[in-house]
Amino acid sequence: MEENSHILSWLTFTPLIGALVIALLPKRNEFAARGVALFASIIALLEAISLWSRFDGAYPGLQFVEQTPWILAIHADYFVGVDGLSILMVLLTAMLMPVALLASASIAKHVRSYYALMLAVQTGLFGVFTALSFFHWFIFWEAGLIPMIFIIKLWGSDGAERAALKFFFYTLVGSVALLLAFQAIYLATGTWNFIELRDLASGGALATKLAALLKQMGMNVTPEAAGMALFVGVFLGFAIKVPIWPFHTWLPDAYTKAPTAGSMILTGVLSKMGVYGFLRILLPIFPHEFAACATPLAWLAMLTIVLGAVAAMAQLDLKRMIAYSSVNHVGYCILGIVAVAHAAGGTSANVNWVNEKAAALNGAILQMFNHGITAAALFMMIGFIEERTGRRGIEDFGGLRTVAPVFAGLFGIAAMASIGLPGLNNFVGEFMIFKGAWPVITPMTALSLIGLLATAVYLLTFIQRVFCGPLNERWAKFPDLGTRELLATAPLVALMFIVGIFPAPFINLTNAAAMRLVELYQPAVKAVAQLTGM
Amino acid sequence: MEPTTHIPWIASRLWLIPLLPFLAGGVSALLPRRYRKLSAGLAIGAIGISTLLSFCALAESILRGLQPHAGQQWSAMQTHEVWHWLTEFTWFSYGTTSLKMGFVLDPLTAAMVIMVSFVSMLIFIYSLGYMDRDKNFTRFFTFLSLFAGAMLGLVVANNLLLFFACWELVGLASYLLIGFWYHRPSAAAAAKKAFLVTKLGDIGFFAGLLWLYHATGTLQFYTPDHTGALEQATALAGLPGIMGLSLAGTIALLIFCGAVGKSGQWPLHVWLPDAMEGPTPVSALIHAATMVAAGVFLVARTYPLFQASPQVLTLVAWIGAFTAVMAATIAVAQNDIKRILAYSTVSQLGYMVMGLGVGGMAAAMFHLLMHGFFKALLFLGAGSVIHGCHNEQDVFKMGGVKKHMPLTFWTYIVGTLALAGIFPLAGFWSKDEVLTAAFNWGSGWFHKGPFVLGCIGVFLTAFYMWRQVCLVFLGEYRGDKAKAGHKHVGHEEAETQHETVPGAPHESPTVMTVPLIVLAIFSAFMGFSGLPEHANLIHHFLNPEHAPHNVNWFVIATASALAFAGLGLGHLLYGLKPLAADEPDPLKAKLGKLREFCRDKWYWDEIYEATVVRFANIASVVVDFGDRLLDGATVGLGLLARGLSLINDKFDERAINRCFDGGCGSVRLMGRCFAALQDGRVQSYLRLVAVAAALLAFWFFLK
Amino acid sequence: MLDWTIYLSFLGAGLILCLPREQKALIRWIALASGLLGLGLALGAWWSYNAAVPELTKQVALASDPIRAAFRVVCDVPWIPSLKVSYFLAYDGINLPLVVLNGFICVTGILFSWNIEHRTKEFFAFFLALIGGVYGVFLAMDLFLLFVFYELAIIPKYFIIAIWGSTRKEYGAMKLVLYSFVGSAAALLGILALYVKSGGAAGPGFDLLALKDFKFTPEFQFWCFPLVFVGFAVLAGMWPFHSWAPTGHVAAPTAASMLLAGVVMKLGAYGCLRVGMMLMPIGAKEWAFPLGVIAVINIIYGAAVAWVQRDFKFVIGYSSVSHMGFVLLGLMTLTTIGLDGAVLQMFSHGIIAGLLFAVVGRMVYDRTHTRVLAELQAMRLCDIMPFAAVTFVLAGAASMGVPGFSGFVAELQVLIGVWRAFPWLAIACGFGIVLTFAYTLQTILRAFYGERRVADEAGLRDMPPISPPEKIAATILIALTIIVGIYPNCLLNMIHLSIQPLVTLL
Amino acid sequence: MTTLAHFQILASLLFAIGLFGAVTRRNAIIVLLSIEIMFNAANLSLVAFWRYSPHPEQLSGVMFAIFGIAISAAEAAVGLALVIVIYRYYKSIQVDEMRTLKG
Amino acid sequence: MDTAFIILSLITVGGAVWAVTLRNLMHAVLSLVLFFFGIAGFFFYLNADFVGWVQILVYVGAVAILAIFAIMLTHNLTAEDEPEFFSLRWLTGLAVAGAVGAVLWFAIKNNTAMSQVAPVGVASNVADIGRKMMTDWVVPFEVVSLLLTAALIGSIVIAMEQISHRK
């Protein structure tokens, strides 16, 4: 690990610089815009790889920290750093963006704006995954959102405006709840700093401060109730972003109507912002509240998984189907995270419980990464289909494997990864989540297994209807993947295999930080367990 | 890779056996379609080396069994000791612990691995001929290699997770190969069905795996320090599980779900007959010899868990027995040559499962191994017939093939008799073992039930096999000699065949017949490795802790008698007077509705269609609708806010602005009143001024 | 030196009046020059004050009169000694940002008015006179003087709107003037009461800094505070006295809209703070909750009404009402952070509202001659004037309170203050924020990103391109909101310095 | 004895008469003349005050009267000129018809 | 109250009343001349000789003549539509004049200073007036002279302009 390097700042702002360069390019020069965008994203990727190579997975704390005072009046710092919770997300963001840009060749109008906005989104994402102070973090949280609205609206398919607005308002309601809650937290503690807040929370000082504030304000509310209210506010912010059932209804529309690359980034990384919020903010800052709410949350996670997958079965629009699949897959992450906080086994002296929870947490982080790759690949390939045929209906195709065997094969791999086939990436994450969650929240985990089956049902139906059967003569000239498309697909597919077969390097990155979080949780979990007699 | 000390080199390099086919598969996956020979060569080479290595493993194992041990008499047959050669490695670490994986070489592995690799190799070679003209020849070998790798990996795994991973991969390979002729909608549907139905069982398996992992803290079957998952089975038997079972029983039950799915046991057997949509070598390899037996192997592998829970074993036995008979009855009424064999496979798998359930693990494994040879033989024979008859699969359109394909005929006869359990072929010995185990299971009708069902199954097996032999090989050729191709094979199918010229059936090429011969030899003689009582090498090898059963003449006699009865009845109905073309099945007249019931597979598909599938569809539609409602509700909230905003706007317009305008209006009105005074006449002003001044002054003075 | 901002504006106005009316270019350049000079002076003062903030912080901490310690006196000469009125100009961290804001709005307003051809001379003269008056209000530290400038600023407003305005311009202008006068009458009553109660000429007189040390009785403060506060707040668009704002903004020409929403509304809020709250802290405390509730109504009501407007400019007009609600709410929290936020919001909203009105009035209306959103929607302006679209998107984002823009920091602080003072209102504000996003986004999408459904494609293409003065002005304002959004220290430090001692009064 | 009051009451009476004429008559010339009566009444009052004042040497009343006369002369000149103009314009000097001041 | 006062009073009041009531304009002006003389008489009576002469010169000599010229120029010797006696107009006029008169009478009556007798030896000579006019009252004097000039020119211009217009 290294201190005093500005690599994170550089990483964050590299895409933004690219976006500015694009904005300054002459209007007609679309090729240059594409080139600059790809170049900037690749530079960012190289920076991320350099970051990764210097990252010390065994160290549980923050690395590459930069902290300087920023806004004195509200004690806001510029504070960035990465640890095991975020490094994979940074890598994922860096990696998906060049791929998404490669998949954007069909963008024909407002080319410069498109690439500039995509890069702006990337900066927002990097910011979210590296920021450690709420103020700073929230800027990027919202900054990623606005360009996305325009990407959906301007380059999306029919009805994109409605979808974009729905997406926006859902997220916005969450953000506002989040913001309000954090203002109250700041009022109580005087800090925006996630790390300080975590330490305060685990030491119980947060509750004390909250109580003091309430007393000072003369409010007739118990600190527990106040803490719970704040928890609910923050939870809402992330639950909508993730999304957790029943806050998910913005998702199918947004993912479906967005342009291909937009869907890729939305599902690949943007939805991870919410999960990351759980990891970075909700879990550490609200240990007692989270532990107390863990059972209902586990049910919600289960419903997200099962209902997402079951709803996907009913979809006739391919993109919508994969969108629902995204709901389902992100639900696994939440299941793993809830397992960490759940009180079951809290009173047991068995050290095994800690390991179970560590497994669940590692699994959740890995699942974020994996789903980012897999879902992005699926959306991208549906995008290829749509570019070629202009259609997305499941009944519109048939027998495409005959004319596009390579495409069919790669799609099959991605679909199998999504189904959770061993040897491919999703399996590892899902296995760890289930492994960790099983003993902790057995009924929900067991019911969640239905999700695995349902996933197989709709994805195989997809393959059956689109790629198998007699060739639909209408698409007899359907071209197989071109070089550019192969170039975009290959890294994702390669990663599916790499993570699926050798997950150790990835888990090693996250394990120390995950373990620390789990241990941090033990007192809260114990307290709640004693209270509920688990 | 950390090999434990003092184990043979093959045991520490066991991973090579699955790895080679995997590599072959991986490389040929990247090859363009035109590299047909390279792909096939890679696949066959890899599986050949794997087979050699498997031989080494078997040899080492047998030698290990022969070695003297301290304080024990020199007797290979008497070592009551379970032994494993283990290697382990860490897949990844998490928390303070790590997930270890490993490979095990023990008798079970050794026996299974040689069967799998050997049969695979033969079928690979056979496929060279069978798939010769297929344009996706390269892909076929890719998938076959993938399958072989996964299957071998499953066999050598010392870890339930690794086992599960390979288990899923064989499922994938099965899916890919059933759907190999993807342009046929039926094939694509069958592939999906196979994957999903087995996946259903796998969900249970996965749950059991998770539970086992939590309960024991490891997924290794065996560990050097004897803390493996299976080695803790006794401890688990003391813990509570669900539904009144012990924890061990619960986990065993869940794991058995996986076996039910993969091994085509009732109620998840429905996929296996449909899987015959795949090319015949695939049916032979995956859906007869190896993969479907993996379920049985899984139970055998995790047998300590099952042993810890008698209730689960009982359930296993009954499911096996029921499946054996049910599938046999269905097989009786089928017309498709491959479907008959498929139901036969289901039935035989039922025997194996029954064997497991009644405590005869070694017997079940023995039957598994033997079944692997003779069922592969039968399928390949059937493939050869289909090949020879220009893709005809309906047995009523065959007949008299004996004349044209003598080699196929004779090998097929060997397979048939072996399957029927005719002395001294392999099937006789293995089925006898299973039935003996069932017979010895316990007393009372409940415990004798599986045995009785097994006996019925023996009769039915012999009957439907002989029916098939008669219909296919005897009599005259009933097919349309002038017509090439097959009615339910599309025109593209034609290119998978050698010749499309019309004409009589013909013998298959050497590359296909050699495997038939080899398999026939094995089917005929392998049974001697499992003679009853002390000569039961297999039993001693696989299950040294339990003594083999004594010879039970009652069982032998009953089974043999029933088998002969079945053959006789078959010959009576079909052999004596060969059917003419378009003549209906004699059974139709004799059994009537019952035959229809059997022909329609007991309506299982329809039942599932009406229940499970419909439920899933309805559920998905309901959930989707619920989502739309939810969406509508949120949109409604937005509209509500908008409505309130409109009200606000009206308020602004009607109340606030009107107040202002009204205020201004009243001021103006007042102004108008005063303006009336201002009539423009100077004198009026003057008057006003005067009066005002007067009043002012008056007021001033008064003050 | 800062008093020269006032003189320069009036001098500029006078000089322009002396020029022949045909010399339009010269008139514009003179106006711009005087605006720039004023801005330069304001920025110079800002620079030196900002540099002195650490030093001043120490002095303030030690001073016996910390509020006065934060001040820098520009000039202080007796004016009407018999009434104890003096010509007293001074600035601290509260009014200095507003002076700077006025400078920027002046310069950009002139740039956005570059195309005015109708009675150019009078327009710029009135404009500069108005600017001078506003400078005067912000700088005056003598109540009498403050009031004189306050009234002085009303007159040119009327003429600018009534002569150069558009929709219902006489109505709008008259409404504005009436509201202003009624408000200022109430305020004047309060001011006179303050003067009399404090002893008239024998007491501290009209000197704000001296008056603040006079302890008015609580009973007096209880009735006088709302008089003064509401009197000033009418100009800040306080509900239900807000209705002049949308009408006035809509009727006004671009530069005047910018100035109205950008600066004039701040005059009211500034008066509330400086006169109402500083002089009558007890009254402020008594009235904090009801006025806070009204401020929240402002926020939600303004946003809700803006959401359903059909006229582009009305949306922005009501948005100003909504945003000023944040200022008033921040003031009513009576906490340091809330007041910090309120003052910053004054600055921030000044910039943003200026930008929004510039886009609506100058860039869009002057070219399309329509402000009906449905008609604009059919034009899909993002293809025709991308610069305007991007500007409006950025301005809209800033207006929504997207982090990274100045509005966010300000509203964040206000809301923290609200949490401290009235937690339940904070949740209500949440709804307000959602509504703000709703109308802003809807407006952005409708005005610029609709579906092209216009038959007259050529007519669209023939629109004049965005001119350099517009681009320069828009860039200045965008840069400002981003700079303040990312580095709010540049203003917050001085605001905080001056607010802190003020809050100790409360 | 003639007291100051006599003069003042007389002046008041004359003033009232003048006022009566000014508000009653319609002819502009008569109205003007009525105003002259009021002027004279005022002058009379002023001179009377002077006569009875404690400091007659300051001559204030006289001075006022002289100035008043001067001003009323000017007024009469202008007024009558206006009357002529009005007559030309309206063909009438009826004050009732002049209503441009109406609000 | 002596005889002179009574006579003068009767002349002035009578002149005034006739002036405001007579319908014939010329008669009204002549009554006014009578009134002017009466006032002049009062001035003499009050020892303000100079003012008296001025009164005669200005009013009788200038104003009355001007009025007569005006009447003749407007060809309007009789006011045709003058209000009848006891019309509403008369009554309001009476009321207004009465009210003002009453207030003045009331004020005079309640003032004790009004009952004083005229001091002896009070007189104004022209020299004193001239001196005063050039010292203490010089500014008003100048202003009034300016005013007179302006009025002179103004009235000429007003009348001229209209004449030139008519051409």
# chains A, B, ... in the order shown; residues from 1 in each chain; ligands from 1
>>> residues_around(residues="region 434-440 of chain A", least_positions_apart="6", cutoff="6 Å", atoms="only C-alpha atoms", output="number ranges by chain")
A: 336, 339, 344, 356-357, 359-360; B: 210
>>> write_last_selection(atoms="N, CA, C and O atoms", output="tab-separated table (two decimals), in the first residue's frame")
chain	number	residue	atom	x	y	z
A	336	GLY	N	-26.42	-11.61	0.92
A	336	GLY	CA	-25.13	-11.80	1.58
A	336	GLY	C	-24.87	-10.72	2.61
A	336	GLY	O	-24.39	-10.99	3.72
A	339	ALA	N	-26.92	-11.15	5.68
A	339	ALA	CA	-26.42	-12.25	6.51
A	339	ALA	C	-25.36	-11.76	7.48
A	339	ALA	O	-25.29	-12.22	8.62
A	344	ALA	N	-28.51	-14.05	14.00
A	344	ALA	CA	-28.45	-15.50	14.24
A	344	ALA	C	-27.01	-15.93	14.49
A	344	ALA	O	-26.10	-15.53	13.79
A	356	GLU	N	-18.56	-17.74	8.34
A	356	GLU	CA	-19.73	-17.79	7.47
A	356	GLU	C	-20.07	-16.40	6.97
A	356	GLU	O	-20.34	-16.19	5.79
A	357	LYS	N	-20.05	-15.47	7.92
A	357	LYS	CA	-20.42	-14.12	7.53
A	357	LYS	C	-19.38	-13.51	6.61
A	357	LYS	O	-19.71	-12.76	5.68
A	359	ALA	N	-17.67	-15.16	4.56
A	359	ALA	CA	-17.92	-15.76	3.25
A	359	ALA	C	-19.04	-15.02	2.56
A	359	ALA	O	-18.95	-14.68	1.37
A	360	ALA	N	-20.10	-14.74	3.31
A	360	ALA	CA	-21.24	-14.06	2.69
A	360	ALA	C	-20.83	-12.70	2.17
A	360	ALA	O	-21.20	-12.30	1.07
B	210	LEU	N	-24.77	-26.86	1.05
B	210	LEU	CA	-24.58	-25.69	1.92
B	210	LEU	C	-24.72	-26.09	3.38
B	210	LEU	O	-23.93	-25.69	4.24
>>> residues_around(residues="Pro386 (chain C)", least_positions_apart="4", cutoff="10 Å", atoms="only C-alpha atoms", output="ChimeraX atom specification")
/A:110 /C:381-382,390-392,448,465-466
>>> write_last_selection(atoms="all heavy atoms", output="PDB file, in the first residue's frame")
ATOM      1  N   HIS A 110     -25.709  13.286 -31.985  1.00  0.00           N
ATOM      2  CA  HIS A 110     -25.059  13.942 -30.846  1.00  0.00           C
ATOM      3  C   HIS A 110     -23.890  13.112 -30.315  1.00  0.00           C
ATOM      4  O   HIS A 110     -23.801  12.831 -29.132  1.00  0.00           O
ATOM      5  CB  HIS A 110     -26.044  14.149 -29.708  1.00  0.00           C
ATOM      6  CG  HIS A 110     -27.257  14.916 -30.099  1.00  0.00           C
ATOM      7  ND1 HIS A 110     -27.216  16.220 -30.506  1.00  0.00           N
ATOM      8  CD2 HIS A 110     -28.560  14.568 -30.149  1.00  0.00           C
ATOM      9  CE1 HIS A 110     -28.426  16.638 -30.788  1.00  0.00           C
ATOM     10  NE2 HIS A 110     -29.270  15.652 -30.592  1.00  0.00           N
TER      11      HIS A 110
ATOM     12  N   LEU C 381     -35.282  22.141 -29.378  1.00  0.00           N
ATOM     13  CA  LEU C 381     -34.273  23.187 -29.495  1.00  0.00           C
ATOM     14  C   LEU C 381     -32.847  22.684 -29.316  1.00  0.00           C
ATOM     15  O   LEU C 381     -31.908  23.369 -29.696  1.00  0.00           O
ATOM     16  CB  LEU C 381     -34.549  24.285 -28.468  1.00  0.00           C
ATOM     17  CG  LEU C 381     -35.785  25.117 -28.774  1.00  0.00           C
ATOM     18  CD1 LEU C 381     -35.993  26.128 -27.682  1.00  0.00           C
ATOM     19  CD2 LEU C 381     -35.623  25.826 -30.096  1.00  0.00           C
ATOM     20  N   CYS C 382     -32.686  21.494 -28.749  1.00  0.00           N
ATOM     21  CA  CYS C 382     -31.306  21.064 -28.502  1.00  0.00           C
ATOM     22  C   CYS C 382     -30.546  20.896 -29.813  1.00  0.00           C
ATOM     23  O   CYS C 382     -29.327  20.989 -29.844  1.00  0.00           O
ATOM     24  CB  CYS C 382     -31.267  19.786 -27.688  1.00  0.00           C
ATOM     25  SG  CYS C 382     -31.929  18.368 -28.542  1.00  0.00           S
ATOM     26  N   VAL C 390     -27.289  23.189 -23.399  1.00  0.00           N
ATOM     27  CA  VAL C 390     -26.301  22.786 -22.395  1.00  0.00           C
ATOM     28  C   VAL C 390     -26.302  23.769 -21.225  1.00  0.00           C
ATOM     29  O   VAL C 390     -26.264  23.374 -20.056  1.00  0.00           O
ATOM     30  CB  VAL C 390     -24.908  22.694 -23.042  1.00  0.00           C
ATOM     31  CG1 VAL C 390     -23.850  22.537 -21.983  1.00  0.00           C
ATOM     32  CG2 VAL C 390     -24.869  21.541 -24.009  1.00  0.00           C
ATOM     33  N   THR C 391     -26.366  25.043 -21.563  1.00  0.00           N
ATOM     34  CA  THR C 391     -26.398  26.044 -20.488  1.00  0.00           C
ATOM     35  C   THR C 391     -27.580  25.804 -19.575  1.00  0.00           C
ATOM     36  O   THR C 391     -27.466  25.838 -18.352  1.00  0.00           O
ATOM     37  CB  THR C 391     -26.510  27.453 -21.097  1.00  0.00           C
ATOM     38  OG1 THR C 391     -25.486  27.594 -22.047  1.00  0.00           O
ATOM     39  CG2 THR C 391     -26.387  28.502 -20.036  1.00  0.00           C
ATOM     40  N   PHE C 392     -28.722  25.560 -20.204  1.00  0.00           N
ATOM     41  CA  PHE C 392     -29.903  25.392 -19.366  1.00  0.00           C
ATOM     42  C   PHE C 392     -29.836  24.119 -18.552  1.00  0.00           C
ATOM     43  O   PHE C 392     -30.283  24.079 -17.404  1.00  0.00           O
ATOM     44  CB  PHE C 392     -31.165  25.396 -20.231  1.00  0.00           C
ATOM     45  CG  PHE C 392     -32.402  25.559 -19.415  1.00  0.00           C
ATOM     46  CD1 PHE C 392     -32.751  26.799 -18.909  1.00  0.00           C
ATOM     47  CD2 PHE C 392     -33.196  24.477 -19.103  1.00  0.00           C
ATOM     48  CE1 PHE C 392     -33.872  26.948 -18.116  1.00  0.00           C
ATOM     49  CE2 PHE C 392     -34.323  24.628 -18.315  1.00  0.00           C
ATOM     50  CZ  PHE C 392     -34.655  25.860 -17.823  1.00  0.00           C
ATOM     51  N   PHE C 448     -36.171  21.750 -24.316  1.00  0.00           N
ATOM     52  CA  PHE C 448     -35.049  21.537 -25.231  1.00  0.00           C
ATOM     53  C   PHE C 448     -35.018  20.172 -25.883  1.00  0.00           C
ATOM     54  O   PHE C 448     -34.414  19.999 -26.915  1.00  0.00           O
ATOM     55  CB  PHE C 448     -33.730  21.776 -24.505  1.00  0.00           C
ATOM     56  CG  PHE C 448     -33.499  23.199 -24.166  1.00  0.00           C
ATOM     57  CD1 PHE C 448     -33.776  23.676 -22.908  1.00  0.00           C
ATOM     58  CD2 PHE C 448     -33.057  24.076 -25.124  1.00  0.00           C
ATOM     59  CE1 PHE C 448     -33.578  24.994 -22.605  1.00  0.00           C
ATOM     60  CE2 PHE C 448     -32.866  25.409 -24.832  1.00  0.00           C
ATOM     61  CZ  PHE C 448     -33.120  25.867 -23.567  1.00  0.00           C
ATOM     62  N   PRO C 465     -27.679  32.514 -34.572  1.00  0.00           N
ATOM     63  CA  PRO C 465     -26.912  31.716 -33.604  1.00  0.00           C
ATOM     64  C   PRO C 465     -26.709  32.481 -32.301  1.00  0.00           C
ATOM     65  O   PRO C 465     -26.885  33.700 -32.245  1.00  0.00           O
ATOM     66  CB  PRO C 465     -25.589  31.479 -34.326  1.00  0.00           C
ATOM     67  CG  PRO C 465     -25.491  32.585 -35.308  1.00  0.00           C
ATOM     68  CD  PRO C 465     -26.887  32.930 -35.700  1.00  0.00           C
ATOM     69  N   ILE C 466     -26.341  31.748 -31.303  1.00  0.00           N
ATOM     70  CA  ILE C 466     -26.070  32.373 -30.009  1.00  0.00           C
ATOM     71  C   ILE C 466     -24.865  33.304 -30.172  1.00  0.00           C
ATOM     72  O   ILE C 466     -23.823  32.899 -30.675  1.00  0.00           O
ATOM     73  CB  ILE C 466     -25.745  31.307 -28.957  1.00  0.00           C
ATOM     74  CG1 ILE C 466     -26.853  30.263 -28.887  1.00  0.00           C
ATOM     75  CG2 ILE C 466     -25.501  31.920 -27.600  1.00  0.00           C
ATOM     76  CD1 ILE C 466     -28.119  30.705 -28.262  1.00  0.00           C
TER      77      ILE C 466
END
>>> interface_residues(of="chain A", to="chain B", cutoff="6 Å", atoms="only C-alpha atoms", output="PyMOL selection string")
chain A and resi 249+310-311+313-314+355+358-359+422+435+464+468-470+504+511+515
>>> residues_around(residues="region 60-72 of chain C", least_positions_apart="3", cutoff="6 Å", atoms="only C-alpha atoms", output="PyMOL selection string")
chain C and resi 56-57+90-92+501
>>> closest_atom_pairs(of="region 419-483 of chain A", to="region 291-305 of chain A", cutoff="6 Å", atoms="only C-alpha atoms", output="tab-separated table")
residue	atom	partner	partner_atom	distance
A:Met444	CA	A:Met302	CA	5.7
A:Ser448	CA	A:Met302	CA	5.3
A:Gly451	CA	A:Ile305	CA	5.7
>>> interface_residues(of="chain A", to="chain C", cutoff="10 Å", atoms="only C-alpha atoms", output="number ranges by chain")
A: 70-74, 109-110, 113, 135-143, 145-146, 149-150, 153-154, 161, 165, 168-170, 172-177, 179-188, 213-214, 216-217, 219
>>> residues_around(residues="Met1 (chain C)", least_positions_apart="3", cutoff="8 Å", atoms="only C-alpha atoms", output="PyMOL selection string")
chain C and resi 4-5+41+74
>>> write_last_selection(atoms="all heavy atoms", output="tab-separated table (two decimals), in the first residue's frame")
chain	number	residue	atom	x	y	z
C	4	TRP	N	-17.47	53.57	-4.61
C	4	TRP	CA	-17.43	53.97	-6.01
C	4	TRP	C	-18.28	53.06	-6.88
C	4	TRP	O	-18.64	53.44	-8.00
C	4	TRP	CB	-15.98	54.01	-6.52
C	4	TRP	CG	-15.37	55.32	-6.18
C	4	TRP	CD1	-14.64	55.62	-5.08
C	4	TRP	CD2	-15.52	56.53	-6.92
C	4	TRP	NE1	-14.31	56.94	-5.08
C	4	TRP	CE2	-14.84	57.53	-6.21
C	4	TRP	CE3	-16.16	56.87	-8.11
C	4	TRP	CZ2	-14.79	58.83	-6.65
C	4	TRP	CZ3	-16.11	58.17	-8.56
C	4	TRP	CH2	-15.43	59.15	-7.83
C	5	THR	N	-18.59	51.86	-6.40
C	5	THR	CA	-19.51	51.04	-7.18
C	5	THR	C	-20.81	51.79	-7.39
C	5	THR	O	-21.37	51.80	-8.48
C	5	THR	CB	-19.80	49.72	-6.45
C	5	THR	OG1	-20.20	50.02	-5.11
C	5	THR	CG2	-18.62	48.81	-6.43
C	41	LEU	N	-14.14	46.55	-8.70
C	41	LEU	CA	-14.02	47.06	-7.33
C	41	LEU	C	-14.53	46.04	-6.33
C	41	LEU	O	-13.91	45.77	-5.29
C	41	LEU	CB	-14.82	48.35	-7.19
C	41	LEU	CG	-14.21	49.57	-7.85
C	41	LEU	CD1	-15.19	50.73	-7.80
C	41	LEU	CD2	-12.91	49.94	-7.14
C	74	VAL	N	-16.47	51.87	4.70
C	74	VAL	CA	-16.08	52.51	3.45
C	74	VAL	C	-16.07	54.01	3.63
C	74	VAL	O	-15.11	54.69	3.32
C	74	VAL	CB	-17.05	52.12	2.32
C	74	VAL	CG1	-16.66	52.81	1.04
C	74	VAL	CG2	-17.06	50.63	2.16
>>> interface_residues(of="chain E", to="chain B", cutoff="10 Å", atoms="only C-alpha atoms", output="count of residues only")
15
>>> residues_around(residues="Ile153 (chain E)", least_positions_apart="6", cutoff="12 Å", atoms="only C-alpha atoms", output="list of chain:residue names")
D:Ala74, D:Ala77, D:Val78, D:Ala81, E:Leu146, E:Leu147, E:Ala159, E:Met160, E:Glu161
>>> residues_around(residues="Asn43 (chain D)", least_positions_apart="2", cutoff="8 Å", atoms="only C-alpha atoms", output="PDB file with C-alpha atoms, in the first residue's frame")
ATOM      1  CA  PHE D  39     -58.154  90.109  -2.791  1.00  0.00           C
ATOM      2  CA  ASN D  40     -59.345  93.480  -1.788  1.00  0.00           C
ATOM      3  CA  ALA D  41     -60.973  92.100   1.281  1.00  0.00           C
ATOM      4  CA  SER D  45     -57.749  93.196   6.499  1.00  0.00           C
ATOM      5  CA  LEU D  46     -53.999  93.558   6.233  1.00  0.00           C
ATOM      6  CA  VAL D  47     -53.996  97.300   6.300  1.00  0.00           C
ATOM      7  CA  PHE D  64     -48.192  93.165   2.195  1.00  0.00           C
ATOM      8  CA  ALA D  65     -51.037  95.139   0.777  1.00  0.00           C
ATOM      9  CA  GLY D  68     -50.921  91.900  -2.883  1.00  0.00           C
ATOM     10  CA  ILE D  69     -52.190  94.643  -5.174  1.00  0.00           C
TER      11      ILE D  69
END
>>> residues_around(residues="His249 (chain C)", least_positions_apart="4", cutoff="6 Å", atoms="only C-alpha atoms", output="PyMOL selection string")
chain C and resi 245+257+317
>>> atom_distance(atom1="CA of Leu139 (chain C)", atom2="CA of Asp3 (chain C)")
7.7 Å
>>> atom_distance(atom1="CA of Leu25 (chain A)", atom2="CA of Ser263 (chain A)")
26.3 Å
>>> interface_residues(of="chain C", to="chain B", cutoff="12 Å", atoms="only C-alpha atoms", output="PyMOL selection string")
chain C and resi 171-172+174-176+178-179+182+239-247+297-298+300-310+314-315+318+431-432+434-436+438-439+442
